[in-house]
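Asks: Data file start.txt (compact mmCIF, C-alpha atoms) is appended below.
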# COMPACT_ATOMS: atom_id res chain seq x y z
CA MET A 115 27.49 -35.24 18.07
CA ALA A 116 30.77 -36.51 19.50
CA VAL A 117 32.69 -35.78 22.69
CA SER A 118 36.22 -36.88 23.50
CA LYS A 119 39.06 -36.52 25.97
CA CYS A 120 41.51 -38.81 24.18
CA PRO A 121 44.49 -36.78 22.93
CA ASP A 122 45.18 -39.21 20.10
CA GLN A 123 41.74 -38.71 18.59
CA ALA A 124 40.40 -36.24 16.04
CA LEU A 125 36.73 -35.48 15.49
CA VAL A 126 35.62 -34.77 11.94
CA THR A 127 32.38 -33.80 10.24
CA TYR A 128 31.82 -33.64 6.50
CA SER A 129 29.60 -31.78 4.02
CA LEU A 130 28.69 -28.72 6.05
CA GLY A 131 26.54 -26.71 3.66
CA SER A 132 23.64 -24.88 5.29
CA CYS A 133 24.26 -27.05 8.35
CA VAL A 134 26.30 -25.55 11.13
CA GLY A 135 29.29 -27.29 12.72
CA VAL A 136 30.45 -26.29 16.20
CA THR A 137 33.48 -27.40 18.20
CA LEU A 138 33.95 -26.80 21.92
CA PHE A 139 37.31 -27.38 23.59
CA ASP A 140 38.60 -26.89 27.11
CA PRO A 141 42.41 -26.79 26.73
CA GLU A 142 43.04 -27.30 30.43
CA ALA A 143 40.80 -30.36 30.85
CA GLY A 144 41.61 -31.68 27.36
CA VAL A 145 37.90 -32.22 26.76
CA GLY A 146 36.25 -31.32 23.49
CA GLY A 147 33.26 -32.04 21.33
CA MET A 148 31.73 -31.42 17.98
CA ILE A 149 28.23 -31.16 16.60
CA HIS A 150 26.75 -30.97 13.10
CA CYS A 151 23.24 -29.46 13.15
CA LEU A 152 20.89 -29.55 10.18
CA LEU A 153 18.00 -27.28 11.14
CA PRO A 154 17.72 -24.18 13.35
CA VAL A 155 14.88 -24.83 15.78
CA SER A 156 13.44 -27.98 17.31
CA LYS A 157 9.88 -26.64 17.58
CA THR A 158 9.39 -27.48 13.90
CA ASP A 159 9.49 -31.19 14.81
CA PRO A 160 9.49 -31.82 18.58
CA GLU A 161 9.24 -35.62 18.18
CA LYS A 162 12.36 -35.78 16.06
CA ALA A 163 14.12 -33.35 18.40
CA LYS A 164 13.43 -35.67 21.30
CA ALA A 165 14.87 -38.67 19.45
CA LYS A 166 17.74 -36.79 17.78
CA PRO A 167 18.48 -33.52 19.60
CA ALA A 168 21.72 -33.05 17.69
CA MET A 169 19.76 -32.57 14.47
CA PHE A 170 18.60 -29.10 15.56
CA THR A 171 20.88 -26.22 16.46
CA ASP A 172 18.92 -25.16 19.57
CA THR A 173 18.69 -28.60 21.20
CA GLY A 174 21.98 -29.83 19.71
CA PHE A 175 24.15 -27.05 21.06
CA VAL A 176 22.70 -27.43 24.55
CA ALA A 177 23.28 -31.20 24.37
CA LEU A 178 26.89 -30.63 23.32
CA LEU A 179 27.44 -28.11 26.10
CA ASN A 180 26.02 -30.54 28.66
CA ALA A 181 28.09 -33.40 27.29
CA VAL A 182 31.46 -31.61 27.41
CA THR A 183 30.83 -30.16 30.88
CA ALA A 184 29.78 -33.64 32.09
CA GLU A 185 33.24 -34.84 30.95
CA GLY A 186 34.96 -32.17 33.01
CA ALA A 187 35.12 -29.12 30.73
CA LYS A 188 34.52 -25.74 32.38
CA MET A 189 32.25 -23.19 30.71
CA GLU A 190 34.63 -20.29 31.33
CA ARG A 191 37.48 -22.08 29.55
CA LEU A 192 35.57 -23.29 26.48
CA VAL A 193 36.96 -22.31 23.09
CA VAL A 194 34.17 -22.14 20.50
CA LYS A 195 34.73 -22.50 16.76
CA VAL A 196 32.07 -22.52 14.06
CA ALA A 197 31.85 -23.55 10.41
CA GLY A 198 29.09 -23.86 7.82
CA GLY A 199 25.81 -21.98 7.95
CA GLY A 200 26.13 -21.32 4.25
CA ALA A 201 23.72 -21.16 1.34
CA PRO A 202 24.75 -24.01 -0.99
CA MET A 203 24.09 -23.48 -4.71
CA ASP A 204 21.46 -26.22 -4.88
CA SER A 205 19.35 -24.74 -2.07
CA ALA A 206 18.83 -21.36 -3.84
CA GLY A 207 18.53 -19.64 -0.45
CA ARG A 208 15.51 -21.75 0.41
CA PHE A 209 14.21 -20.81 3.83
CA LYS A 210 17.57 -19.26 4.71
CA ILE A 211 18.45 -22.36 6.73
CA GLY A 212 22.17 -21.61 6.94
CA GLU A 213 21.69 -18.03 8.16
CA ARG A 214 19.14 -19.17 10.70
CA ASN A 215 21.27 -22.02 11.99
CA TYR A 216 24.00 -19.46 12.61
CA ALA A 217 21.62 -16.94 14.26
CA VAL A 218 20.22 -19.58 16.65
CA LEU A 219 23.76 -20.59 17.56
CA ARG A 220 24.69 -16.94 18.23
CA LYS A 221 21.67 -16.60 20.50
CA LEU A 222 22.74 -19.60 22.57
CA LEU A 223 26.34 -18.43 22.76
CA TRP A 224 25.19 -14.98 23.98
CA LYS A 225 22.91 -16.56 26.61
CA ASN A 226 25.76 -18.78 27.79
CA ASN A 227 28.37 -15.99 27.84
CA LEU A 228 30.52 -17.56 25.14
CA LEU A 229 32.37 -15.85 22.29
CA ILE A 230 33.34 -17.32 18.94
CA ALA A 231 37.14 -17.70 18.79
CA GLY A 232 37.21 -18.60 15.10
CA GLU A 233 34.73 -19.15 12.32
CA ASP A 234 34.33 -19.87 8.64
CA VAL A 235 30.67 -19.35 7.82
CA GLY A 236 28.34 -18.32 5.00
CA GLY A 237 28.98 -18.49 1.28
CA THR A 238 28.21 -21.40 -0.99
CA LYS A 239 31.12 -23.82 -0.48
CA PRO A 240 30.77 -27.16 1.32
CA ARG A 241 33.10 -27.60 4.30
CA THR A 242 34.75 -30.35 6.34
CA MET A 243 35.53 -29.47 9.96
CA ARG A 244 38.14 -31.25 12.10
CA ILE A 245 39.32 -30.84 15.67
CA GLU A 246 42.54 -32.41 17.01
CA MET A 247 41.95 -33.48 20.60
CA SER A 248 45.66 -33.24 21.48
CA THR A 249 45.76 -29.46 20.85
CA GLY A 250 42.22 -28.28 20.18
CA GLN A 251 43.38 -27.11 16.76
CA VAL A 252 40.41 -26.76 14.40
CA THR A 253 40.74 -26.82 10.63
CA VAL A 254 38.19 -26.34 7.89
CA SER A 255 38.82 -27.82 4.48
CA SER A 256 36.91 -26.87 1.40
CA CYS A 257 37.58 -27.41 -2.30
CA GLY A 258 41.13 -28.59 -1.56
CA GLU A 259 42.01 -25.66 0.72
CA VAL A 260 42.66 -26.11 4.43
CA THR A 261 42.23 -23.18 6.83
CA GLU A 262 42.99 -23.12 10.54
CA LEU A 263 40.35 -21.41 12.66
CA MET C 25 10.16 4.36 -5.49
CA GLN C 26 7.73 3.49 -2.73
CA HIS C 27 7.92 -0.15 -3.77
CA ASP C 28 11.73 -0.04 -3.54
CA GLN C 29 11.51 1.60 -0.13
CA SER C 30 9.19 -1.13 1.15
CA GLU C 31 11.65 -3.76 -0.04
CA ILE C 32 14.50 -1.99 1.76
CA ILE C 33 12.45 -1.71 4.97
CA GLU C 34 11.57 -5.40 4.80
CA GLN C 35 15.19 -6.40 4.21
CA VAL C 36 16.61 -4.13 6.92
CA ALA C 37 13.99 -5.25 9.44
CA THR C 38 14.74 -8.91 8.69
CA GLU C 39 18.50 -8.41 9.08
CA VAL C 40 18.30 -6.26 12.21
CA LEU C 41 15.90 -8.64 13.96
CA GLU C 42 18.25 -11.51 13.18
CA GLN C 43 21.45 -9.72 14.24
CA LEU C 44 20.14 -7.77 17.24
CA ALA C 45 17.64 -10.25 18.64
CA PHE C 46 18.22 -13.58 16.84
CA MET C 47 14.60 -13.54 15.64
CA PHE C 48 13.33 -14.46 12.20
CA ALA C 49 11.00 -12.26 10.18
CA ASP C 50 9.05 -13.18 7.08
CA PRO C 51 6.93 -10.81 4.99
CA ALA C 52 3.24 -11.02 5.86
CA THR C 53 0.25 -10.45 3.61
CA PRO C 54 -2.63 -8.34 5.00
CA ASP C 55 -4.83 -11.40 5.51
CA GLU C 56 -2.18 -12.88 7.83
CA LEU C 57 -2.51 -9.95 10.24
CA PRO C 58 -5.20 -9.68 12.91
CA GLU C 59 -7.64 -6.77 12.47
CA THR C 60 -7.19 -5.73 16.06
CA ILE C 61 -4.46 -6.27 18.60
CA THR C 62 -5.09 -5.97 22.32
CA GLU C 63 -1.63 -6.15 23.81
CA ALA C 64 1.04 -4.33 21.84
CA TYR C 65 3.73 -1.67 22.12
CA VAL C 66 4.08 1.24 19.69
CA ALA C 67 7.48 2.86 19.40
CA GLN C 68 8.10 5.95 17.34
CA ILE C 69 11.22 7.91 16.43
CA GLY C 70 11.17 11.39 14.94
CA ILE C 71 13.67 12.13 12.17
CA ARG C 72 15.12 15.55 11.38
CA GLY C 73 18.05 16.83 9.33
CA ALA C 74 18.45 15.78 5.70
CA ALA C 75 14.86 14.55 5.86
CA THR C 76 11.97 14.94 8.21
CA GLY C 77 9.62 12.20 9.21
CA LYS C 78 9.13 9.37 11.64
CA LEU C 79 9.49 5.65 11.98
CA THR C 80 6.73 3.76 13.78
CA VAL C 81 6.95 0.13 14.90
CA VAL C 82 4.04 -1.80 16.42
CA ALA C 83 4.67 -5.22 17.92
CA GLY C 84 2.67 -7.55 20.11
CA HIS C 85 3.65 -8.07 23.76
CA GLU C 86 4.77 -11.64 23.18
CA ILE C 87 7.39 -10.65 20.59
CA CYS C 88 8.66 -7.91 22.89
CA ALA C 89 9.29 -10.33 25.76
CA GLU C 90 11.37 -12.60 23.53
CA LEU C 91 13.03 -9.64 21.84
CA THR C 92 14.11 -8.29 25.23
CA ALA C 93 15.28 -11.67 26.52
CA ASN C 94 17.34 -12.24 23.39
CA ILE C 95 18.90 -8.77 23.44
CA THR C 96 19.87 -9.01 27.10
CA GLY C 97 20.56 -12.75 27.25
CA GLU C 98 18.05 -13.39 30.05
CA GLU C 99 15.01 -15.71 30.05
CA ALA C 100 11.73 -14.49 28.47
CA ASP C 101 9.73 -15.09 31.67
CA GLU C 102 12.12 -12.80 33.61
CA VAL C 103 11.42 -9.80 31.36
CA SER C 104 9.80 -6.77 33.00
CA ILE C 105 7.42 -4.39 31.22
CA GLU C 106 10.00 -1.59 31.58
CA SER C 107 12.64 -3.71 29.85
CA ALA C 108 10.25 -4.71 27.05
CA VAL C 109 9.42 -1.05 26.43
CA MET C 110 13.12 -0.19 26.28
CA ALA C 111 13.82 -3.11 23.95
CA ILE C 112 11.17 -2.13 21.40
CA GLY C 113 12.52 1.43 21.61
CA GLU C 114 16.05 0.22 20.93
CA LEU C 115 14.89 -1.98 18.06
CA THR C 116 13.17 1.05 16.52
CA ASN C 117 16.32 3.14 17.00
CA VAL C 118 18.55 0.58 15.28
CA LEU C 119 16.00 0.02 12.49
CA CYS C 120 15.78 3.76 11.91
CA GLY C 121 19.54 4.28 11.62
CA GLN C 122 19.99 1.30 9.32
CA MET C 123 17.00 2.15 7.11
CA LEU C 124 18.07 5.75 6.62
CA THR C 125 21.51 4.68 5.42
CA GLN C 126 20.04 2.11 3.05
CA ILE C 127 17.54 4.60 1.62
CA ALA C 128 19.53 7.85 1.57
CA GLY C 129 23.15 6.65 1.52
CA THR C 130 25.94 7.57 3.93
CA ASP C 131 26.37 11.27 2.99
CA PRO C 132 23.26 12.91 4.53
CA VAL C 133 23.19 13.60 8.25
CA PHE C 134 20.02 12.82 10.19
CA ASP C 135 19.14 13.67 13.75
CA LEU C 136 17.04 11.03 15.45
CA GLU C 137 14.92 11.78 18.45
CA PRO C 138 15.01 9.31 21.33
CA PRO C 139 12.32 6.63 20.88
CA ALA C 140 8.89 7.44 22.33
CA ILE C 141 6.41 4.77 23.41
CA LEU C 142 2.89 5.75 22.38
CA ASP C 143 -0.37 5.04 24.15
CA HIS C 144 -3.44 3.37 22.62
CA PRO C 145 -1.63 0.71 20.57
CA GLN C 146 -4.95 -0.60 19.24
CA ASP C 147 -5.63 2.66 17.41
CA HIS C 148 -2.15 2.69 15.87
CA TRP C 149 -2.47 -0.93 14.85
CA GLY C 150 -5.70 -0.26 12.93
CA ALA C 151 -4.21 2.74 11.14
CA LEU C 152 -0.91 1.06 10.30
CA VAL C 153 -2.36 -2.21 9.07
CA ASN C 154 -4.45 -0.28 6.57
CA ASP C 155 -1.64 2.03 5.46
CA PRO C 156 -0.45 0.97 2.00
CA ASN C 157 3.10 2.12 2.81
CA ALA C 158 3.40 0.05 5.99
CA VAL C 159 5.48 -3.12 5.91
CA ALA C 160 3.97 -6.10 7.70
CA LEU C 161 6.08 -8.93 9.04
CA LEU C 162 5.59 -12.13 10.93
CA VAL C 163 8.35 -12.32 13.51
CA ASP C 164 8.56 -15.88 14.80
CA ASP C 165 4.91 -16.13 13.62
CA CYS C 166 3.77 -13.00 15.53
CA PRO C 167 2.72 -9.81 13.71
CA MET C 168 4.82 -6.64 13.57
CA VAL C 169 4.19 -3.57 11.44
CA VAL C 170 6.77 -0.98 10.41
CA LEU C 171 5.96 2.37 8.80
CA LEU C 172 8.61 4.85 7.65
CA GLU C 173 7.26 8.26 6.69
CA LEU C 174 10.05 10.35 5.20
CA LYS C 175 10.13 13.62 3.34
CA MET C 176 13.57 14.42 1.95
CA ASP C 177 14.76 18.00 2.39
CA SER C 178 14.95 19.13 -1.25
CA ALA C 179 17.81 21.56 -0.59
CA GLN C 180 19.97 18.87 0.99
CA ALA C 181 18.89 16.14 -1.42
CA ALA C 182 20.05 18.32 -4.33
CA MET S 20 46.16 -2.70 35.25
CA SER S 21 42.59 -2.04 36.28
CA LEU S 22 40.12 -0.10 34.19
CA ARG S 23 37.13 2.09 34.85
CA ILE S 24 34.69 2.45 31.99
CA LEU S 25 31.82 4.92 31.54
CA ILE S 26 28.82 3.72 29.49
CA VAL S 27 26.66 6.55 28.15
CA ASP S 28 23.34 5.43 26.62
CA ASP S 29 19.76 6.49 27.32
CA SER S 30 18.54 2.88 27.40
CA PRO S 31 19.32 1.03 30.66
CA ILE S 32 19.02 -2.34 28.92
CA ILE S 33 21.57 -1.31 26.31
CA ARG S 34 23.89 -0.15 29.08
CA SER S 35 23.57 -3.59 30.67
CA VAL S 36 24.16 -5.26 27.28
CA ILE S 37 27.33 -3.17 26.85
CA GLU S 38 28.41 -4.13 30.37
CA LYS S 39 27.89 -7.79 29.49
CA ASN S 40 30.01 -7.27 26.35
CA ILE S 41 32.75 -5.72 28.50
CA LYS S 42 32.71 -8.77 30.80
CA LEU S 43 32.86 -11.13 27.80
CA ALA S 44 35.86 -9.20 26.43
CA GLU S 45 37.77 -10.39 29.54
CA LEU S 46 39.27 -6.99 30.28
CA PRO S 47 40.63 -6.09 33.72
CA VAL S 48 37.68 -3.80 34.45
CA THR S 49 37.10 -2.85 38.07
CA GLU S 50 34.08 -0.61 37.57
CA CYS S 51 31.50 0.23 34.93
CA MET S 52 29.80 3.57 35.50
CA HIS S 53 26.50 4.38 33.79
CA ALA S 54 25.08 7.66 32.45
CA GLY S 55 21.74 8.12 30.67
CA ASN S 56 22.75 11.14 28.57
CA GLY S 57 25.62 13.51 27.85
CA GLN S 58 24.89 15.82 30.77
CA GLU S 59 24.80 12.93 33.26
CA ALA S 60 28.12 11.77 31.80
CA LEU S 61 29.71 15.20 32.33
CA ASN S 62 28.38 15.25 35.89
CA GLN S 63 29.96 11.82 36.51
CA LEU S 64 33.24 12.90 34.95
CA ASP S 65 33.43 15.92 37.22
CA GLY S 66 35.67 14.44 39.88
CA GLU S 67 35.79 10.83 38.62
CA TRP S 68 38.43 9.46 36.28
CA VAL S 69 37.60 6.83 33.67
CA ASP S 70 39.91 5.02 31.26
CA LEU S 71 37.36 4.77 28.45
CA ALA S 72 33.93 6.14 27.56
CA LEU S 73 31.44 4.27 25.37
CA VAL S 74 29.02 6.83 24.00
CA ASP S 75 25.70 6.59 22.14
CA ILE S 76 24.68 9.44 19.80
CA ASN S 77 20.89 9.77 20.02
CA MET S 78 20.08 10.67 23.61
CA PRO S 79 17.78 13.17 25.31
CA VAL S 80 19.02 16.25 27.23
CA MET S 81 22.50 16.16 25.71
CA ASN S 82 23.33 13.93 22.76
CA GLY S 83 26.61 12.11 22.15
CA VAL S 84 27.99 14.59 19.64
CA GLU S 85 27.58 17.46 22.08
CA LEU S 86 29.11 15.40 24.89
CA ILE S 87 32.17 14.55 22.79
CA GLU S 88 32.54 18.20 21.73
CA LYS S 89 32.47 19.28 25.37
CA MET S 90 34.93 16.56 26.40
CA LYS S 91 37.34 17.62 23.67
CA GLN S 92 37.21 21.23 24.89
CA ASP S 93 38.37 20.17 28.35
CA ASP S 94 42.11 19.67 28.90
CA LEU S 95 41.62 16.65 31.14
CA LEU S 96 38.56 15.01 29.60
CA LYS S 97 39.97 15.20 26.08
CA THR S 98 42.55 12.56 26.99
CA ILE S 99 39.86 9.95 27.74
CA PRO S 100 39.45 7.68 24.71
CA VAL S 101 35.87 7.62 23.41
CA ILE S 102 34.27 4.81 21.43
CA VAL S 103 30.98 5.75 19.80
CA ALA S 104 28.45 2.90 19.90
CA SER S 105 25.49 3.99 17.85
CA THR S 106 23.11 3.17 15.05
CA GLU S 107 24.54 6.19 13.22
CA GLY S 108 25.33 5.36 9.59
CA SER S 109 26.17 8.77 8.17
CA GLN S 110 29.79 8.75 7.06
CA THR S 111 29.68 12.55 7.11
CA ARG S 112 28.93 12.48 10.85
CA ILE S 113 31.38 9.65 11.57
CA ASP S 114 34.13 11.61 9.79
CA ALA S 115 33.23 14.69 11.85
CA LEU S 116 33.45 12.62 15.05
CA LYS S 117 36.84 11.26 13.95
CA GLU S 118 37.96 14.85 13.35
CA LEU S 119 36.95 15.55 16.94
CA GLY S 120 39.25 12.71 17.97
CA ILE S 121 37.09 9.69 18.83
CA ALA S 122 39.14 6.53 19.26
CA GLY S 123 36.69 4.10 17.70
CA TYR S 124 33.25 3.55 16.28
CA LEU S 125 30.91 0.57 16.65
CA ARG S 126 27.72 0.52 14.64
CA LYS S 127 24.68 -1.09 16.26
CA PRO S 128 23.88 -3.93 16.02
CA PHE S 129 27.37 -5.30 16.77
CA THR S 130 28.50 -8.75 17.83
CA PRO S 131 30.37 -9.39 21.11
CA GLU S 132 33.39 -10.38 19.02
CA GLN S 133 33.36 -7.05 17.14
CA PHE S 134 32.99 -5.26 20.48
CA LYS S 135 35.95 -7.12 21.98
CA GLU S 136 38.14 -6.41 18.95
CA GLN S 137 37.32 -2.69 18.95
CA ILE S 138 37.68 -2.11 22.69
CA THR S 139 40.90 -4.15 22.94
CA GLN S 140 42.40 -2.27 20.01
CA VAL S 141 41.56 1.14 21.50
CA LEU S 142 42.84 0.26 24.97
CA GLU S 143 46.08 -1.23 23.59
CA LEU S 144 46.70 1.85 21.45
CA ASN S 145 45.99 4.11 24.38
CA ASP S 146 48.25 2.04 26.61
CA ALA S 147 51.06 2.19 24.03
CA ALA S 148 50.67 5.97 23.81
Any chance you could give the structure as structure tokens?
Replies:
Amino acid sequence: MAVSKCPDQALVTYSLGSCVGVTLFDPEAGVGGMIHCLLPVSKTDPEKAKAKPAMFTDTGFVALLNAVTAEGAKMERLVVKVAGGGAPMDSAGRFKIGERNYAVLRKLLWKNNLLIAGEDVGGTKPRTMRIEMSTGQVTVSSCGEVTEL
Amino acid sequence: MQHDQSEIIEQVATEVLEQLAFMFADPATPDELPETITEAYVAQIGIRGAATGKLTVVAGHEICAELTANITGEEADEVSIESAVMAIGELTNVLCGQMLTQIAGTDPVFDLEPPAILDHPQDHWGALVNDPNAVALLVDDCPMVVLLELKMDSAQAA
Amino acid sequence: MSLRILIVDDSPIIRSVIEKNIKLAELPVTECMHAGNGQEALNQLDGEWVDLALVDINMPVMNGVELIEKMKQDDLLKTIPVIVASTEGSQTRIDALKELGIAGYLRKPFTPEQFKEQITQVLELNDAA
């Protein structure tokens, strides 16, 4: 998980397969953050969740939300973008981790009155997600192609 | 045919629970289900039109509280009994519409009755768990049983 | 611009979910009115103007199809755009509702993003007309 309010920075996360990547950005405060969550729910390993909340989508998203608001972002201005949550070829749909990461995220967004402004989710391709802190622009690159969310 | 229908019901139930209520369902074997259930809701929807029948869903109270909280976006401990009853009714309504399309396609027209909540859930649980056509699920590790009884109208099906 | 929206669904929790979706869509809505079935909706519309009606199909007393038919027979009510929000999956029935002149259709379960897109599209089209 990373949070920034430096306009000359960019936050990047690589190899989003079944993992879910989320960016939050408040354009007015210039505060943003990014998280890369591996597993949907922390109850599967509460000890690990305590040590590394960002590893799980449920605890990770809440931690990210708290971190960006602590830096001055306002909930009602947050722009949410999502990438990943796929089913990579090597996982053979095992335990539907990608789908479940995405569903847990949707639950938290609904509870927190947030909509997704852009997403690139599902499928089998690995993704790299990047947010420019100067503009909040989010791009996803995969297999040589770059898409703006 | 019945086997295919069970697979469709299982798949639709899994998808609807995930999309409507952000809950995860896995197929359950009979030995994973309790023989009796003390606190449960039974929702039933009558089907008319291109087919006649009914869809019955039985779910334990604890799933219904979370189901309701997730649908509405409130906290599970704030959920009232009235809301939980409405939520299981709505789940049954959405399941019914989605299952009928998956089973019969998008051409036939069905009329669904508003969901009814039945008394004596224990009796329904016993009957449904032992029905070979019922589909059993573990929803976030809690049992739920779904039974679709459908008789296609031969005139319309032809 | 300020909008009044009528939500017609027999489930109070679904009406509140739809109201939450309306708020999340960030529309200039001043009032959301609720009705539990088609007849209640007609009673509300007798003397009250709304800019949009969101209508479920399967309801007791008077279902959504009957409500829409009655609205379309009325010179004033037929101008109110109707979005059907239902679990209905029969294309035959959806086509019949489109023939009757519904402005949009949302199949349950829908996401708040799908809701926002549909409602914004219908209101913009209506505004342009």
Asks: So which residues are close to (33.4, -15.7, 32.5), meaning at most 12 Å away in the file's coordinates with all atoms listed in the file counted, and can you show them as a JSON list (two decimals) with C-alpha atoms, in the frame of the given file?
Replies:
[["chain", "number", "residue", "atom", "x", "y", "z"],
["A", 188, "LYS", "CA", 34.52, -25.74, 32.38],
["A", 189, "MET", "CA", 32.25, -23.19, 30.71],
["A", 190, "GLU", "CA", 34.63, -20.29, 31.33],
["A", 191, "ARG", "CA", 37.48, -22.08, 29.55],
["A", 192, "LEU", "CA", 35.57, -23.29, 26.48],
["A", 224, "TRP", "CA", 25.19, -14.98, 23.98],
["A", 226, "ASN", "CA", 25.76, -18.78, 27.79],
["A", 227, "ASN", "CA", 28.37, -15.99, 27.84],
["A", 228, "LEU", "CA", 30.52, -17.56, 25.14],
["A", 229, "LEU", "CA", 32.37, -15.85, 22.29],
["S", 39, "LYS", "CA", 27.89, -7.79, 29.49],
["S", 40, "ASN", "CA", 30.01, -7.27, 26.35],
["S", 41, "ILE", "CA", 32.75, -5.72, 28.50],
["S", 42, "LYS", "CA", 32.71, -8.77, 30.80],
["S", 43, "LEU", "CA", 32.86, -11.13, 27.80],
["S", 44, "ALA", "CA", 35.86, -9.20, 26.43],
["S", 45, "GLU", "CA", 37.77, -10.39, 29.54],
["S", 46, "LEU", "CA", 39.27, -6.99, 30.28]]
Asks: Could you check which residues have any atom within 8 Å of (19.5, -8.1, 15.0), counting all atoms listed in the file with coordinates taken straight from the file, and then list them as a list in words?
Replies: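 Counting all atoms listed in the file, I find these residues within 8 Å of (19.5, -8.1, 15.0): Thr38, Glu39, Val40, Leu41, Glu42, Gln43, Leu44, Ala45, Phe46 and Met47 of chain C; Pro128 of chain S.
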Asks: Using all atoms listed in the file, which residue out of C:Val103, C:Ala74, C:Ala93, C:Ala67 lies closest to Trp149 in chain C?
Replies: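 Selected residue with least distance to Trp149 in chain C: C:Ala67.
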Asks: Would you give me, as number ranges by chain, the residues of chain A that come within 9 Å of chain C, using all atoms listed in the file?
Replies: A: 213-214, 217-222, 224-227
Asks: With distances taken over only C-alpha atoms, which residue among C:Leu124, C:Leu79, C:Leu162, C:Ile71 lies nearest chain S?
Replies: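 Ranked by minimum distance to chain S, first place goes to C:Leu124.
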Asks: Might you pull out every residue within 10 Å of Glu56 in chain C, with all atoms listed in the file counted and same-chain residues fewer than 4 positions away left off, and present them as a list in words?
Replies: Pro51, Ala52, Ala160, Leu161, Leu162, Asp165, Cys166 and Pro167 of chain C
Asks: Just want the 12 Å neighbourhood of Thr171 in chain A, counted on only C-alpha atoms, with same-chain residues fewer than 2 positions away dropped. Output as a PyMOL selection string.
Replies: chain A and resi 115+132-136+149-158+163+166-169+173-179+199+211-223
Asks: Work out how far CA of Lys162 in chain A is from CA of Asp164 in chain C, in Å to one decimal.
Replies: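 So the answer is 20.3 Å.
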Asks: Could the residues of chain S within 6 Å of chain C, counting all atoms listed in the file, be given as a ChimeraX atom specification, please?
Replies: /S:36,78,106-111,128
Asks: Which is closest to Leu171 in chain C among C:Thr60, C:Ser104, C:Gln29, C:Thr76, if we use all atoms listed in the file?
Replies: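 The closest residue to Leu171 in chain C is C:Gln29.
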Asks: How many Å lie between CA of Glu86 in chain C and CA of Thr53 in chain C, rounded to one decimal?
Replies: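 That distance, rounded to one decimal, is 20.1 Å.
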Asks: Using only C-alpha atoms, find the one residue out of C:Val159, C:Ile105, C:Ile32, C:Ala100 that sits nearest to Tyr65 in chain C.
Replies: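 Using only C-alpha atoms, the shortest distance to Tyr65 in chain C belongs to C:Ile105.
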Asks: In Å, rounded to a single decimal, give me how far CA of Ser30 in chain S is from CA of Met168 in chain C.
Replies: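 Separation between CA of Met168 in chain C and CA of Ser30 in chain S: 21.7 Å.
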Asks: Excluding range 93-95 of chain S and its own-chain neighbours fewer than 3 positions away, which residues fall within 12 Å of it when counting all atoms listed in the file? Please give them as a PDB file with C-alpha atoms, in the coordinates of the input.
Replies:
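Now in result_39.pdb:
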ATOM      1  CA  LEU S  61      29.710  15.200  32.330  1.00  0.00           C
ATOM      2  CA  LEU S  64      33.240  12.900  34.950  1.00  0.00           C
ATOM      3  CA  ASP S  65      33.430  15.920  37.220  1.00  0.00           C
ATOM      4  CA  GLY S  66      35.670  14.440  39.880  1.00  0.00           C
ATOM      5  CA  GLU S  67      35.790  10.830  38.620  1.00  0.00           C
ATOM      6  CA  TRP S  68      38.430   9.460  36.280  1.00  0.00           C
ATOM      7  CA  VAL S  69      37.600   6.830  33.670  1.00  0.00           C
ATOM      8  CA  ASP S  70      39.910   5.020  31.260  1.00  0.00           C
ATOM      9  CA  LEU S  86      29.110  15.400  24.890  1.00  0.00           C
ATOM     10  CA  ILE S  87      32.170  14.550  22.790  1.00  0.00           C
ATOM     11  CA  GLU S  88      32.540  18.200  21.730  1.00  0.00           C
ATOM     12  CA  LYS S  89      32.470  19.280  25.370  1.00  0.00           C
ATOM     13  CA  MET S  90      34.930  16.560  26.400  1.00  0.00           C
ATOM     14  CA  THR S  98      42.550  12.560  26.990  1.00  0.00           C
ATOM     15  CA  ILE S  99      39.860   9.950  27.740  1.00  0.00           C
ATOM     16  CA  PRO S 100      39.450   7.680  24.710  1.00  0.00           C
TER      17      PRO S 100
END
Asks: Out of S:Gln58, S:Gln133, S:Ser105, S:Asn77, which residue has the shortest atom-to-atom distance to chain A when counting all atoms listed in the file?
Replies: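 Comparing S:Gln58, S:Gln133, S:Ser105, S:Asn77 against chain A, the winner is S:Gln133.
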Asks: Please determine, counting all atoms listed in the file, which residue among A:Arg244, A:Cys120, A:Gly144, A:Gly131 has the shortest atom-to-atom distance to Leu263 in chain A.
Replies: A:Arg244
Asks: Write out as a list in words each polymer residue whose atoms come within 8 Å of Cys51 in chain S, counting all atoms listed in the file; drop sequence neighbours fewer than 4 positions from it.
Replies: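 The filter keeps Arg23, Ile24, Leu25, Ile26 and Glu38 of chain S.
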Asks: Just so I have it separately, write range 165-177 of chain A from the block I sent, keeping C-alpha atoms, as an mmCIF file, in the first residue's frame.
Replies:
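Everything below was put into part.cif:
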data_model
loop_
_atom_site.group_PDB
_atom_site.id
_atom_site.type_symbol
_atom_site.label_atom_id
_atom_site.label_comp_id
_atom_site.auth_asym_id
_atom_site.auth_seq_id
_atom_site.Cartn_x
_atom_site.Cartn_y
_atom_site.Cartn_z
ATOM 1 C CA ALA A 165 0.693 -7.836 10.539
ATOM 2 C CA LYS A 166 -0.041 -7.094 6.868
ATOM 3 C CA PRO A 167 -3.562 -5.691 6.439
ATOM 4 C CA ALA A 168 -2.851 -4.688 2.849
ATOM 5 C CA MET A 169 -2.559 -8.345 1.880
ATOM 6 C CA PHE A 170 -6.337 -8.847 2.166
ATOM 7 C CA THR A 171 -8.940 -6.897 0.230
ATOM 8 C CA ASP A 172 -11.260 -6.332 3.219
ATOM 9 C CA THR A 173 -8.634 -5.008 5.636
ATOM 10 C CA GLY A 174 -6.468 -3.489 2.889
ATOM 11 C CA PHE A 175 -9.140 -1.309 1.353
ATOM 12 C CA VAL A 176 -10.170 0.055 4.752
ATOM 13 C CA ALA A 177 -6.506 0.769 5.561
#
